Amino acid sequence: MKNISISNYKINHLSKPFIIAEISSNHKWSLKHTLNLIKKIKQAGAHAVKIQTYDENSMTFNSQKSDFVVNKGLWKKYSLFKLYKEAKTPIEWHKKIFKYAKSLNLIAFSTPFDEISAEFLTKLNVPAYKIASFELVDHPLISFVAKKNKPIILSTGMSTLDEISEAIQVIKKTKNNKIILLHCMSSYPSSHSDYNLNMIKKLRDKFKLHVGLSDHSQGDTVALAATALGAKVIEKHVKLKGDNKSHDSKFSMDTEELKSFCRKINLAWETLGTDDLSKRKDIESKKYRRSIF
């Protein structure tokens with residue numbers, strides 16, 4: 001599998017998991033709040049911060065008909081238009097967010113949901129693009145982004161293997177081979193028992209690509225298990241401590257929890273070590289084996 005560099009972070013079969021803190025709607029419509037969140041994300045030990053780039057008018061219709069209203073879960077009775085409008089990160093914040101993250105030596109990038117947003121991010125010189133699970137079947141968008149020749153992190157929630165394969169082929173047709181897959185459950189929050197983390201190995205073996213996890217569960221159990229299975233990227237929604245009202249707060253980790261999360265992910269990765277038994281650290285203990293004198 002290829003080495004893939006996202007800014008100054010190199011992802012390969014030996015690298016620690018690349019930890020992405022997703023802000024999503026946890027900005028609470030305050031740039032000051034958002035920049036403070038980014039500072040604490042850096043202090044917690046994450047490698048990158050990610051936002052989302054879209055306009056509600058490019059995402060859906062302003063309609064109250066049943067097809068455009070969420071009928072269960074965290075956002076029950078919300079129209080899609082209202083939900084996207086309230087959750088979006090204002091375009092005018094993007095440049096300040098990326099500039100501030102760079103000043104902290106924190107990698108920053110975004111998920112575009114349409115070609116206009118992708119082009120806007122290109123002008124900001126983002127080091128990578130994320131394609132959300134809901135957009136995995138949007139081949140024109142994927143092709144447009146792939147032609148930027150930057151790494152693409154492709155989330156696979158809801159998808160069949162055929163749909164994942166088709167999206168990968170769309171990217172490869174542009175001669176862009178810098179692809180990372182994220183196993184994902186597109187339910188919010190996701191149940192631990194629904195994750196089927198053995199898919200990480202299946203995706204890696206089938207597509208010969210680096211595979212990670214987009215984690216919408218509560219807590220750190222799923223992410224730690226994914227790390228043990230070789231996940232190369234871990235994405236987690238993050239909020240400031242005490243935020244219980246943002247649209248994503250129920251499945252987001254606060255920055256104090258993120259600090260512990262990053263430490264545990266790194267420790268879990270260290271336990272993987274090597275499969276070369278000649279390098280085992282307990283070799284000195286052999287002299288204490290029972291033997292014949």
# chains A, B, ... in the order shown; residues from 1 in each chain; ligands from 1
$ select_by_dssp --residues "range 48-169 of chain A" --states "helix (DSSP H, G or I)" --output "number ranges by chain"
A: 56-59, 66-68, 80-87, 91-103, 115-123, 133-135, 139-146, 161-169
$ closest_atom_pairs --of "range 122-230 of chain A" --to "range 267-281 of chain A" --cutoff "10 Å" --atoms "only C-alpha atoms" --output "JSON lines"
{"residue": "A:Ala223", "atom": "CA", "partner": "A:Ala268", "partner_atom": "CA", "distance": 9.8}
{"residue": "A:Leu224", "atom": "CA", "partner": "A:Ala268", "partner_atom": "CA", "distance": 6.6}
{"residue": "A:Ala225", "atom": "CA", "partner": "A:Ala268", "partner_atom": "CA", "distance": 8.5}
{"residue": "A:Ala226", "atom": "CA", "partner": "A:Ala268", "partner_atom": "CA", "distance": 9.6}
{"residue": "A:Thr227", "atom": "CA", "partner": "A:Trp269", "partner_atom": "CA", "distance": 6.2}
{"residue": "A:Ala228", "atom": "CA", "partner": "A:Ala268", "partner_atom": "CA", "distance": 6.4}
{"residue": "A:Leu229", "atom": "CA", "partner": "A:Leu272", "partner_atom": "CA", "distance": 9.0}
{"residue": "A:Gly230", "atom": "CA", "partner": "A:Trp269", "partner_atom": "CA", "distance": 8.1}
$ write_last_selection --atoms "all heavy atoms" --output "tab-separated table (two decimals), in the first residue's frame"
chain	number	residue	atom	x	y	z
A	223	ALA	N	-13.12	2.81	18.84
A	223	ALA	CA	-11.88	3.31	18.23
A	223	ALA	C	-10.67	2.51	18.69
A	223	ALA	O	-9.75	2.23	17.90
A	223	ALA	CB	-11.70	4.79	18.55
A	224	LEU	N	-10.63	2.13	19.97
A	224	LEU	CA	-9.52	1.33	20.46
A	224	LEU	C	-9.50	-0.05	19.81
A	224	LEU	O	-8.43	-0.56	19.43
A	224	LEU	CB	-9.61	1.19	21.98
A	224	LEU	CG	-9.33	2.48	22.78
A	224	LEU	CD1	-9.66	2.26	24.25
A	224	LEU	CD2	-7.90	2.92	22.61
A	225	ALA	N	-10.66	-0.65	19.65
A	225	ALA	CA	-10.74	-1.95	18.97
A	225	ALA	C	-10.30	-1.82	17.52
A	225	ALA	O	-9.60	-2.70	16.98
A	225	ALA	CB	-12.16	-2.50	19.05
A	226	ALA	N	-10.69	-0.72	16.87
A	226	ALA	CA	-10.29	-0.50	15.47
A	226	ALA	C	-8.78	-0.34	15.37
A	226	ALA	O	-8.15	-0.84	14.42
A	226	ALA	CB	-11.00	0.74	14.93
A	227	THR	N	-8.18	0.34	16.33
A	227	THR	CA	-6.73	0.51	16.34
A	227	THR	C	-6.04	-0.85	16.43
A	227	THR	O	-5.07	-1.12	15.72
A	227	THR	CB	-6.30	1.40	17.52
A	227	THR	OG1	-6.94	2.68	17.40
A	227	THR	CG2	-4.79	1.58	17.55
A	228	ALA	N	-6.56	-1.71	17.28
A	228	ALA	CA	-6.00	-3.06	17.42
A	228	ALA	C	-6.13	-3.87	16.13
A	228	ALA	O	-5.33	-4.78	15.89
A	228	ALA	CB	-6.68	-3.80	18.57
A	229	LEU	N	-7.11	-3.51	15.31
A	229	LEU	CA	-7.31	-4.20	14.03
A	229	LEU	C	-6.54	-3.54	12.89
A	229	LEU	O	-6.67	-3.93	11.74
A	229	LEU	CB	-8.80	-4.25	13.70
A	229	LEU	CG	-9.63	-5.18	14.58
A	229	LEU	CD1	-11.12	-4.95	14.35
A	229	LEU	CD2	-9.28	-6.64	14.31
A	230	GLY	N	-5.75	-2.51	13.23
A	230	GLY	CA	-4.88	-1.91	12.22
A	230	GLY	C	-5.40	-0.65	11.56
A	230	GLY	O	-4.89	-0.24	10.52
$ closest_residue --among "A:Lys232, A:His139, A:Lys201, A:Lys96" --to "Glu166 in chain A" --atoms "only C-alpha atoms"
A:His139
$ closest_atom_pairs --of "range 72-145 of chain A" --to "range 27-31 of chain A" --cutoff "9 Å" --atoms "only C-alpha atoms" --output "CSV"
residue,atom,partner,partner_atom,distance
A:Glu86,CA,A:Trp29,CA,8.3
A:Ala87,CA,A:His27,CA,8.4
A:Lys88,CA,A:Trp29,CA,8.9
A:Thr89,CA,A:His27,CA,7.4
A:Pro90,CA,A:Trp29,CA,8.3
A:Trp93,CA,A:Leu31,CA,6.9
A:Lys96,CA,A:Leu31,CA,8.8
A:Ile97,CA,A:Leu31,CA,8.3
$ atom_distance --atom1 "CA of Lys206 in chain A" --atom2 "CA of Val137 in chain A"
19.0 Å
$ atom_distance --atom1 "CA of Asn12 in chain A" --atom2 "CA of Lys259 in chain A"
23.6 Å
$ closest_residue --among "A:Ala48, A:Ile180, A:Met59, A:Leu104" --to "Asn36 in chain A" --atoms "only C-alpha atoms"
A:Leu104
$ select_by_dssp --residues "range 63-169 of chain A" --states "strand (DSSP E or B)" --output "PDB file with C-alpha atoms, in the first residue's frame"
ATOM      1  CA  VAL A  69     -38.011  15.788   7.280  1.00  0.00           C
ATOM      2  CA  SER A  79     -36.408  19.537   8.082  1.00  0.00           C
ATOM      3  CA  ILE A 107      -3.422  20.058  10.086  1.00  0.00           C
ATOM      4  CA  ALA A 108      -6.781  21.420   8.906  1.00  0.00           C
ATOM      5  CA  PHE A 109      -9.022  20.337   6.046  1.00  0.00           C
ATOM      6  CA  SER A 110     -12.700  19.885   5.235  1.00  0.00           C
ATOM      7  CA  THR A 111     -15.477  17.846   3.672  1.00  0.00           C
ATOM      8  CA  PRO A 112     -16.941  19.503   0.558  1.00  0.00           C
ATOM      9  CA  TYR A 129     -10.376  16.203   1.119  1.00  0.00           C
ATOM     10  CA  LYS A 130     -12.895  14.059   2.979  1.00  0.00           C
ATOM     11  CA  ILE A 131     -15.833  12.568   1.098  1.00  0.00           C
ATOM     12  CA  ILE A 152      -9.008  11.615  -0.467  1.00  0.00           C
ATOM     13  CA  ILE A 153     -10.433  10.121   2.716  1.00  0.00           C
ATOM     14  CA  LEU A 154     -13.537   8.210   1.679  1.00  0.00           C
ATOM     15  CA  SER A 155     -16.122   7.353   4.331  1.00  0.00           C
TER      16      SER A 155
END
$ residues_around --residues "His183 in chain A" --least-positions-apart "2" --cutoff "8 Å" --atoms "only C-alpha atoms" --output "MDAnalysis selection string"
chainID A and resid 155:157 181 185 197 199:200 211:214
$ write_last_selection --atoms "N, CA, C and O atoms" --output "compact mmCIF listing (two decimals), in the first residue's frame"
# COMPACT_ATOMS: atom_id res chain seq x y z
N SER A 155 -15.34 8.01 3.29
CA SER A 155 -16.12 7.35 4.33
C SER A 155 -17.17 6.44 3.69
O SER A 155 -17.77 6.78 2.67
N THR A 156 -17.40 5.27 4.31
CA THR A 156 -18.15 4.21 3.63
C THR A 156 -19.47 3.82 4.32
O THR A 156 -20.01 2.75 4.05
N GLY A 157 -19.98 4.68 5.21
CA GLY A 157 -21.24 4.37 5.87
C GLY A 157 -22.37 4.09 4.89
O GLY A 157 -22.45 4.74 3.85
N LEU A 181 -9.73 4.65 2.99
CA LEU A 181 -11.12 4.31 3.30
C LEU A 181 -11.37 4.41 4.80
O LEU A 181 -10.50 4.08 5.60
N MET A 185 -20.33 3.82 10.51
CA MET A 185 -21.76 3.58 10.70
C MET A 185 -22.46 4.94 10.65
O MET A 185 -22.18 5.81 11.46
N LEU A 197 -16.47 -4.38 13.12
CA LEU A 197 -15.13 -3.88 12.85
C LEU A 197 -14.26 -4.83 12.02
O LEU A 197 -13.22 -4.42 11.50
N MET A 199 -14.85 -5.51 9.25
CA MET A 199 -14.86 -4.90 7.92
C MET A 199 -13.57 -4.14 7.63
O MET A 199 -13.21 -3.96 6.45
N ILE A 200 -12.87 -3.71 8.66
CA ILE A 200 -11.60 -3.00 8.43
C ILE A 200 -10.63 -3.89 7.68
O ILE A 200 -10.03 -3.50 6.68
N VAL A 211 -6.98 1.69 5.65
CA VAL A 211 -8.35 1.77 6.14
C VAL A 211 -8.34 2.30 7.57
O VAL A 211 -7.48 1.95 8.37
N GLY A 212 -9.32 3.16 7.87
CA GLY A 212 -9.47 3.69 9.22
C GLY A 212 -10.92 3.61 9.67
O GLY A 212 -11.71 2.83 9.13
N LEU A 213 -11.26 4.45 10.64
CA LEU A 213 -12.58 4.43 11.24
C LEU A 213 -13.12 5.85 11.39
O LEU A 213 -12.43 6.72 11.91
N SER A 214 -14.35 6.05 10.96
CA SER A 214 -15.10 7.25 11.30
C SER A 214 -16.08 6.84 12.40
O SER A 214 -17.00 6.06 12.17
$ residues_around --residues "Ser165 in chain A" --least-positions-apart "3" --cutoff "12 Å" --atoms "only C-alpha atoms" --output "ChimeraX atom specification"
/A:136-137,139,154,156,159-162,168-172,179,181,203,206-209
$ write_last_selection --atoms "N, CA and C atoms" --output "PDB file, in the first residue's frame"
ATOM      1  N   LEU A 136     -20.798   9.230  -1.064  1.00  0.00           N
ATOM      2  CA  LEU A 136     -19.980   8.205  -1.716  1.00  0.00           C
ATOM      3  C   LEU A 136     -20.526   7.813  -3.083  1.00  0.00           C
ATOM      4  N   VAL A 137     -21.817   7.977  -3.305  1.00  0.00           N
ATOM      5  CA  VAL A 137     -22.408   7.630  -4.605  1.00  0.00           C
ATOM      6  C   VAL A 137     -22.522   8.843  -5.534  1.00  0.00           C
ATOM      7  N   HIS A 139     -20.759  10.429  -7.892  1.00  0.00           N
ATOM      8  CA  HIS A 139     -19.559  10.248  -8.711  1.00  0.00           C
ATOM      9  C   HIS A 139     -19.046  11.538  -9.338  1.00  0.00           C
ATOM     10  N   LEU A 154     -12.218   8.592   2.163  1.00  0.00           N
ATOM     11  CA  LEU A 154     -13.537   8.210   1.679  1.00  0.00           C
ATOM     12  C   LEU A 154     -14.281   7.426   2.752  1.00  0.00           C
ATOM     13  N   THR A 156     -17.404   5.267   4.306  1.00  0.00           N
ATOM     14  CA  THR A 156     -18.152   4.208   3.628  1.00  0.00           C
ATOM     15  C   THR A 156     -19.466   3.821   4.315  1.00  0.00           C
ATOM     16  N   SER A 159     -22.755   1.938   2.689  1.00  0.00           N
ATOM     17  CA  SER A 159     -22.383   1.500   1.345  1.00  0.00           C
ATOM     18  C   SER A 159     -22.229  -0.013   1.224  1.00  0.00           C
ATOM     19  N   THR A 160     -22.488  -0.498   0.030  1.00  0.00           N
ATOM     20  CA  THR A 160     -22.176  -1.880  -0.325  1.00  0.00           C
ATOM     21  C   THR A 160     -20.744  -1.938  -0.846  1.00  0.00           C
ATOM     22  N   LEU A 161     -20.188  -3.139  -0.927  1.00  0.00           N
ATOM     23  CA  LEU A 161     -18.843  -3.291  -1.488  1.00  0.00           C
ATOM     24  C   LEU A 161     -18.796  -2.823  -2.935  1.00  0.00           C
ATOM     25  N   ASP A 162     -19.856  -3.057  -3.681  1.00  0.00           N
ATOM     26  CA  ASP A 162     -19.898  -2.608  -5.077  1.00  0.00           C
ATOM     27  C   ASP A 162     -19.873  -1.087  -5.162  1.00  0.00           C
ATOM     28  N   ILE A 168     -14.070   4.106  -5.729  1.00  0.00           N
ATOM     29  CA  ILE A 168     -12.613   3.997  -5.864  1.00  0.00           C
ATOM     30  C   ILE A 168     -12.198   4.080  -7.323  1.00  0.00           C
ATOM     31  N   GLN A 169     -12.932   3.406  -8.200  1.00  0.00           N
ATOM     32  CA  GLN A 169     -12.599   3.433  -9.619  1.00  0.00           C
ATOM     33  C   GLN A 169     -12.769   4.829 -10.213  1.00  0.00           C
ATOM     34  N   VAL A 170     -13.765   5.560  -9.751  1.00  0.00           N
ATOM     35  CA  VAL A 170     -13.946   6.951 -10.207  1.00  0.00           C
ATOM     36  C   VAL A 170     -12.701   7.771  -9.869  1.00  0.00           C
ATOM     37  N   ILE A 171     -12.181   7.583  -8.655  1.00  0.00           N
ATOM     38  CA  ILE A 171     -10.975   8.308  -8.239  1.00  0.00           C
ATOM     39  C   ILE A 171      -9.773   7.872  -9.069  1.00  0.00           C
ATOM     40  N   LYS A 172      -9.596   6.574  -9.238  1.00  0.00           N
ATOM     41  CA  LYS A 172      -8.421   6.066  -9.938  1.00  0.00           C
ATOM     42  C   LYS A 172      -8.406   6.455 -11.413  1.00  0.00           C
ATOM     43  N   ILE A 179      -5.771   7.296  -1.751  1.00  0.00           N
ATOM     44  CA  ILE A 179      -7.104   7.003  -1.223  1.00  0.00           C
ATOM     45  C   ILE A 179      -6.999   6.298   0.122  1.00  0.00           C
ATOM     46  N   LEU A 181      -9.732   4.650   2.991  1.00  0.00           N
ATOM     47  CA  LEU A 181     -11.119   4.312   3.296  1.00  0.00           C
ATOM     48  C   LEU A 181     -11.370   4.413   4.798  1.00  0.00           C
ATOM     49  N   LEU A 203     -11.997  -4.637   4.048  1.00  0.00           N
ATOM     50  CA  LEU A 203     -11.776  -3.525   3.112  1.00  0.00           C
ATOM     51  C   LEU A 203     -10.302  -3.414   2.725  1.00  0.00           C
ATOM     52  N   LYS A 206      -9.420  -6.421   0.387  1.00  0.00           N
ATOM     53  CA  LYS A 206     -10.088  -6.380  -0.914  1.00  0.00           C
ATOM     54  C   LYS A 206      -9.557  -5.263  -1.804  1.00  0.00           C
ATOM     55  N   PHE A 207      -9.354  -4.085  -1.216  1.00  0.00           N
ATOM     56  CA  PHE A 207      -9.013  -2.920  -2.042  1.00  0.00           C
ATOM     57  C   PHE A 207      -7.540  -2.527  -1.964  1.00  0.00           C
ATOM     58  N   LYS A 208      -6.771  -3.187  -1.090  1.00  0.00           N
ATOM     59  CA  LYS A 208      -5.339  -2.905  -0.946  1.00  0.00           C
ATOM     60  C   LYS A 208      -5.095  -1.416  -0.674  1.00  0.00           C
ATOM     61  N   LEU A 209      -5.903  -0.870   0.245  1.00  0.00           N
ATOM     62  CA  LEU A 209      -5.800   0.534   0.631  1.00  0.00           C
ATOM     63  C   LEU A 209      -5.703   0.626   2.156  1.00  0.00           C
TER      64      LEU A 209
END
$ residues_around --residues "range 186-196 of chain A" --least-positions-apart "6" --cutoff "6 Å" --atoms "only C-alpha atoms" --output "list of chain:residue names"
A:Gly157, A:His216, A:Ser217, A:Phe251
$ residues_around --residues "Ser58 in chain A" --least-positions-apart "2" --cutoff "12 Å" --atoms "only C-alpha atoms" --output "ChimeraX atom specification"
/A:53-56,60-62,80-81,84-85,88,112-117
$ write_last_selection --atoms "all heavy atoms" --output "compact mmCIF listing (two decimals), in the first residue's frame"
# COMPACT_ATOMS: atom_id res chain seq x y z
N THR A 53 -17.92 21.86 4.58
CA THR A 53 -18.09 23.02 3.71
C THR A 53 -19.27 22.79 2.78
O THR A 53 -19.23 21.92 1.91
CB THR A 53 -16.81 23.27 2.89
OG1 THR A 53 -15.69 23.35 3.77
CG2 THR A 53 -16.92 24.57 2.10
N TYR A 54 -20.33 23.57 2.98
CA TYR A 54 -21.52 23.46 2.13
C TYR A 54 -22.45 24.63 2.40
O TYR A 54 -22.29 25.38 3.37
CB TYR A 54 -22.26 22.14 2.38
CG TYR A 54 -22.80 21.98 3.78
CD1 TYR A 54 -24.04 22.51 4.15
CD2 TYR A 54 -22.08 21.30 4.76
CE1 TYR A 54 -24.54 22.38 5.44
CE2 TYR A 54 -22.57 21.15 6.05
CZ TYR A 54 -23.80 21.70 6.38
OH TYR A 54 -24.27 21.56 7.66
N ASP A 55 -23.43 24.77 1.55
CA ASP A 55 -24.53 25.71 1.74
C ASP A 55 -25.82 24.89 1.71
O ASP A 55 -25.96 23.97 0.90
CB ASP A 55 -24.54 26.76 0.64
CG ASP A 55 -25.66 27.76 0.82
OD1 ASP A 55 -25.50 28.72 1.58
OD2 ASP A 55 -26.73 27.54 0.21
N GLU A 56 -26.73 25.20 2.60
CA GLU A 56 -27.96 24.39 2.69
C GLU A 56 -28.73 24.36 1.38
O GLU A 56 -29.40 23.37 1.06
CB GLU A 56 -28.86 24.90 3.83
CG GLU A 56 -29.41 26.29 3.66
CD GLU A 56 -28.48 27.38 4.15
OE1 GLU A 56 -27.29 27.09 4.40
OE2 GLU A 56 -28.93 28.53 4.29
N THR A 60 -30.18 20.54 -0.28
CA THR A 60 -31.55 20.02 -0.24
C THR A 60 -32.52 21.13 -0.61
O THR A 60 -32.12 22.25 -0.95
CB THR A 60 -31.87 19.46 1.16
OG1 THR A 60 -33.13 18.79 1.14
CG2 THR A 60 -31.89 20.55 2.21
N PHE A 61 -33.81 20.81 -0.57
CA PHE A 61 -34.86 21.80 -0.81
C PHE A 61 -35.41 22.31 0.52
O PHE A 61 -35.43 21.59 1.51
CB PHE A 61 -36.02 21.18 -1.61
CG PHE A 61 -35.64 20.74 -2.98
CD1 PHE A 61 -35.55 19.39 -3.29
CD2 PHE A 61 -35.39 21.67 -3.98
CE1 PHE A 61 -35.21 18.97 -4.55
CE2 PHE A 61 -35.04 21.26 -5.26
CZ PHE A 61 -34.95 19.91 -5.54
N ASN A 62 -35.88 23.54 0.50
CA ASN A 62 -36.54 24.11 1.68
C ASN A 62 -37.99 23.63 1.68
O ASN A 62 -38.90 24.32 1.23
CB ASN A 62 -36.46 25.63 1.66
CG ASN A 62 -36.95 26.25 2.96
OD1 ASN A 62 -37.33 25.53 3.89
ND2 ASN A 62 -36.94 27.56 3.04
N LEU A 80 -34.57 18.83 6.66
CA LEU A 80 -33.16 18.76 6.27
C LEU A 80 -32.59 20.15 6.05
O LEU A 80 -31.45 20.45 6.41
CB LEU A 80 -33.00 17.91 5.01
CG LEU A 80 -33.31 16.42 5.17
CD1 LEU A 80 -33.22 15.72 3.83
CD2 LEU A 80 -32.39 15.76 6.19
N PHE A 81 -33.41 21.03 5.46
CA PHE A 81 -32.96 22.39 5.16
C PHE A 81 -32.58 23.11 6.45
O PHE A 81 -31.51 23.73 6.55
CB PHE A 81 -34.05 23.16 4.42
CG PHE A 81 -33.62 24.50 3.92
CD1 PHE A 81 -33.02 24.64 2.68
CD2 PHE A 81 -33.84 25.65 4.68
CE1 PHE A 81 -32.62 25.88 2.21
CE2 PHE A 81 -33.44 26.89 4.23
CZ PHE A 81 -32.83 27.01 2.99
N TYR A 84 -29.34 21.48 8.07
CA TYR A 84 -28.11 21.87 7.39
C TYR A 84 -27.78 23.35 7.61
O TYR A 84 -26.62 23.73 7.76
CB TYR A 84 -28.21 21.58 5.89
CG TYR A 84 -28.23 20.10 5.55
CD1 TYR A 84 -29.10 19.61 4.59
CD2 TYR A 84 -27.39 19.20 6.19
CE1 TYR A 84 -29.13 18.26 4.27
CE2 TYR A 84 -27.41 17.85 5.87
CZ TYR A 84 -28.28 17.39 4.91
OH TYR A 84 -28.31 16.06 4.59
N LYS A 85 -28.81 24.17 7.62
CA LYS A 85 -28.60 25.61 7.81
C LYS A 85 -28.00 25.88 9.19
O LYS A 85 -27.10 26.71 9.34
CB LYS A 85 -29.92 26.37 7.65
CG LYS A 85 -29.77 27.88 7.72
CD LYS A 85 -31.09 28.58 7.45
CE LYS A 85 -30.92 30.10 7.48
NZ LYS A 85 -32.20 30.79 7.17
N LYS A 88 -24.13 24.12 9.48
CA LYS A 88 -23.03 24.47 8.59
C LYS A 88 -22.00 25.37 9.27
O LYS A 88 -22.32 26.12 10.20
CB LYS A 88 -23.56 25.16 7.33
CG LYS A 88 -24.07 26.56 7.56
CD LYS A 88 -24.55 27.19 6.26
CE LYS A 88 -25.06 28.63 6.50
NZ LYS A 88 -25.53 29.24 5.24
N PRO A 112 -16.06 18.76 1.46
CA PRO A 112 -16.94 19.50 0.56
C PRO A 112 -18.14 18.64 0.16
O PRO A 112 -18.01 17.44 -0.02
CB PRO A 112 -16.04 19.77 -0.65
CG PRO A 112 -15.12 18.59 -0.68
CD PRO A 112 -14.92 18.16 0.75
N PHE A 113 -19.29 19.28 0.00
CA PHE A 113 -20.50 18.53 -0.38
C PHE A 113 -20.99 18.89 -1.77
O PHE A 113 -22.02 18.40 -2.21
CB PHE A 113 -21.60 18.79 0.65
CG PHE A 113 -21.36 18.08 1.96
CD1 PHE A 113 -20.51 18.62 2.90
CD2 PHE A 113 -21.98 16.87 2.25
CE1 PHE A 113 -20.27 17.98 4.12
CE2 PHE A 113 -21.75 16.22 3.46
CZ PHE A 113 -20.89 16.78 4.39
N ASP A 114 -20.25 19.75 -2.46
CA ASP A 114 -20.59 20.12 -3.83
C ASP A 114 -19.34 20.68 -4.50
O ASP A 114 -18.33 20.95 -3.83
CB ASP A 114 -21.74 21.14 -3.86
CG ASP A 114 -21.45 22.36 -3.03
OD1 ASP A 114 -20.58 23.16 -3.44
OD2 ASP A 114 -22.05 22.53 -1.95
N GLU A 115 -19.40 20.85 -5.81
CA GLU A 115 -18.23 21.28 -6.56
C GLU A 115 -17.80 22.70 -6.22
O GLU A 115 -16.60 23.02 -6.19
CB GLU A 115 -18.48 21.13 -8.06
CG GLU A 115 -18.64 19.67 -8.48
CD GLU A 115 -18.87 19.50 -9.97
OE1 GLU A 115 -18.70 20.50 -10.72
OE2 GLU A 115 -19.21 18.38 -10.40
N ILE A 116 -18.75 23.58 -5.96
CA ILE A 116 -18.42 24.96 -5.59
C ILE A 116 -17.62 24.97 -4.29
O ILE A 116 -16.61 25.67 -4.16
CB ILE A 116 -19.68 25.82 -5.47
CG1 ILE A 116 -20.34 25.99 -6.85
CG2 ILE A 116 -19.36 27.18 -4.86
CD1 ILE A 116 -21.68 26.70 -6.81
N SER A 117 -18.06 24.17 -3.33
CA SER A 117 -17.35 24.07 -2.05
C SER A 117 -15.95 23.49 -2.23
O SER A 117 -14.98 23.94 -1.62
CB SER A 117 -18.15 23.22 -1.07
OG SER A 117 -19.40 23.80 -0.80
$ residues_around --residues "range 260-262 of chain A" --least-positions-apart "4" --cutoff "10 Å" --atoms "only C-alpha atoms" --output "list in words"
Pro17, Phe18, Ile19, Ala44, Gly45, Ala46, His47, Gly219, Asp220, Thr221, Ala223, Leu224, Ile234, Lys236, Met253, Thr255, Glu256, Asn266, Leu267 and Ala268 of chain A
$ closest_residue --among "A:Lys82, A:Leu106, A:Tyr100, A:Ile142" --to "Ala118 in chain A" --atoms "only C-alpha atoms"
A:Ile142
$ closest_residue --among "A:Lys250, A:Lys241, A:His210, A:Lys175" --to "Leu74 in chain A" --atoms "only C-alpha atoms"
A:Lys250
$ atom_distance --atom1 "CA of Asn105 in chain A" --atom2 "CA of Ala21 in chain A"
14.3 Å
$ decode --residues "range 173-189 of chain A" --atoms "N, CA and C atoms" --output "PDB file, in the first residue's frame"
ATOM      1  N   LYS A 173      -9.580   6.668 -11.993  1.00  0.00           N
ATOM      2  CA  LYS A 173      -9.638   7.101 -13.396  1.00  0.00           C
ATOM      3  C   LYS A 173      -9.008   8.475 -13.603  1.00  0.00           C
ATOM      4  N   THR A 174      -8.898   9.241 -12.531  1.00  0.00           N
ATOM      5  CA  THR A 174      -8.272  10.569 -12.619  1.00  0.00           C
ATOM      6  C   THR A 174      -6.762  10.477 -12.371  1.00  0.00           C
ATOM      7  N   LYS A 175      -6.242   9.258 -12.222  1.00  0.00           N
ATOM      8  CA  LYS A 175      -4.828   9.000 -11.918  1.00  0.00           C
ATOM      9  C   LYS A 175      -4.465   9.395 -10.487  1.00  0.00           C
ATOM     10  N   ASN A 176      -5.463   9.562  -9.654  1.00  0.00           N
ATOM     11  CA  ASN A 176      -5.227   9.840  -8.242  1.00  0.00           C
ATOM     12  C   ASN A 176      -5.337   8.525  -7.480  1.00  0.00           C
ATOM     13  N   ASN A 177      -4.246   8.095  -6.876  1.00  0.00           N
ATOM     14  CA  ASN A 177      -4.233   6.840  -6.126  1.00  0.00           C
ATOM     15  C   ASN A 177      -4.061   7.059  -4.622  1.00  0.00           C
ATOM     16  N   LYS A 178      -4.231   8.306  -4.193  1.00  0.00           N
ATOM     17  CA  LYS A 178      -4.043   8.635  -2.767  1.00  0.00           C
ATOM     18  C   LYS A 178      -5.386   8.535  -2.055  1.00  0.00           C
ATOM     19  N   ILE A 179      -5.771   7.296  -1.751  1.00  0.00           N
ATOM     20  CA  ILE A 179      -7.104   7.003  -1.223  1.00  0.00           C
ATOM     21  C   ILE A 179      -6.999   6.298   0.122  1.00  0.00           C
ATOM     22  N   ILE A 180      -7.772   6.771   1.080  1.00  0.00           N
ATOM     23  CA  ILE A 180      -7.899   6.113   2.384  1.00  0.00           C
ATOM     24  C   ILE A 180      -9.387   5.865   2.627  1.00  0.00           C
ATOM     25  N   LEU A 181      -9.732   4.650   2.991  1.00  0.00           N
ATOM     26  CA  LEU A 181     -11.119   4.312   3.296  1.00  0.00           C
ATOM     27  C   LEU A 181     -11.370   4.413   4.798  1.00  0.00           C
ATOM     28  N   LEU A 182     -12.551   4.864   5.171  1.00  0.00           N
ATOM     29  CA  LEU A 182     -12.961   4.853   6.569  1.00  0.00           C
ATOM     30  C   LEU A 182     -14.196   3.975   6.718  1.00  0.00           C
ATOM     31  N   HIS A 183     -14.055   2.905   7.504  1.00  0.00           N
ATOM     32  CA  HIS A 183     -15.243   2.140   7.885  1.00  0.00           C
ATOM     33  C   HIS A 183     -16.097   3.035   8.774  1.00  0.00           C
ATOM     34  N   CYS A 184     -17.408   2.983   8.608  1.00  0.00           N
ATOM     35  CA  CYS A 184     -18.274   3.958   9.278  1.00  0.00           C
ATOM     36  C   CYS A 184     -19.675   3.391   9.450  1.00  0.00           C
ATOM     37  N   MET A 185     -20.333   3.817  10.511  1.00  0.00           N
ATOM     38  CA  MET A 185     -21.760   3.579  10.696  1.00  0.00           C
ATOM     39  C   MET A 185     -22.456   4.938  10.646  1.00  0.00           C
ATOM     40  N   SER A 186     -23.355   5.123   9.692  1.00  0.00           N
ATOM     41  CA  SER A 186     -24.037   6.407   9.522  1.00  0.00           C
ATOM     42  C   SER A 186     -25.335   6.453  10.313  1.00  0.00           C
ATOM     43  N   SER A 187     -25.208   6.238  11.610  1.00  0.00           N
ATOM     44  CA  SER A 187     -26.306   6.450  12.546  1.00  0.00           C
ATOM     45  C   SER A 187     -25.719   7.203  13.736  1.00  0.00           C
ATOM     46  N   TYR A 188     -26.560   8.015  14.391  1.00  0.00           N
ATOM     47  CA  TYR A 188     -26.026   9.010  15.317  1.00  0.00           C
ATOM     48  C   TYR A 188     -26.839   9.059  16.621  1.00  0.00           C
ATOM     49  N   PRO A 189     -26.268   8.592  17.750  1.00  0.00           N
ATOM     50  CA  PRO A 189     -24.993   7.867  17.848  1.00  0.00           C
ATOM     51  C   PRO A 189     -25.144   6.425  17.389  1.00  0.00           C
TER      52      PRO A 189
END
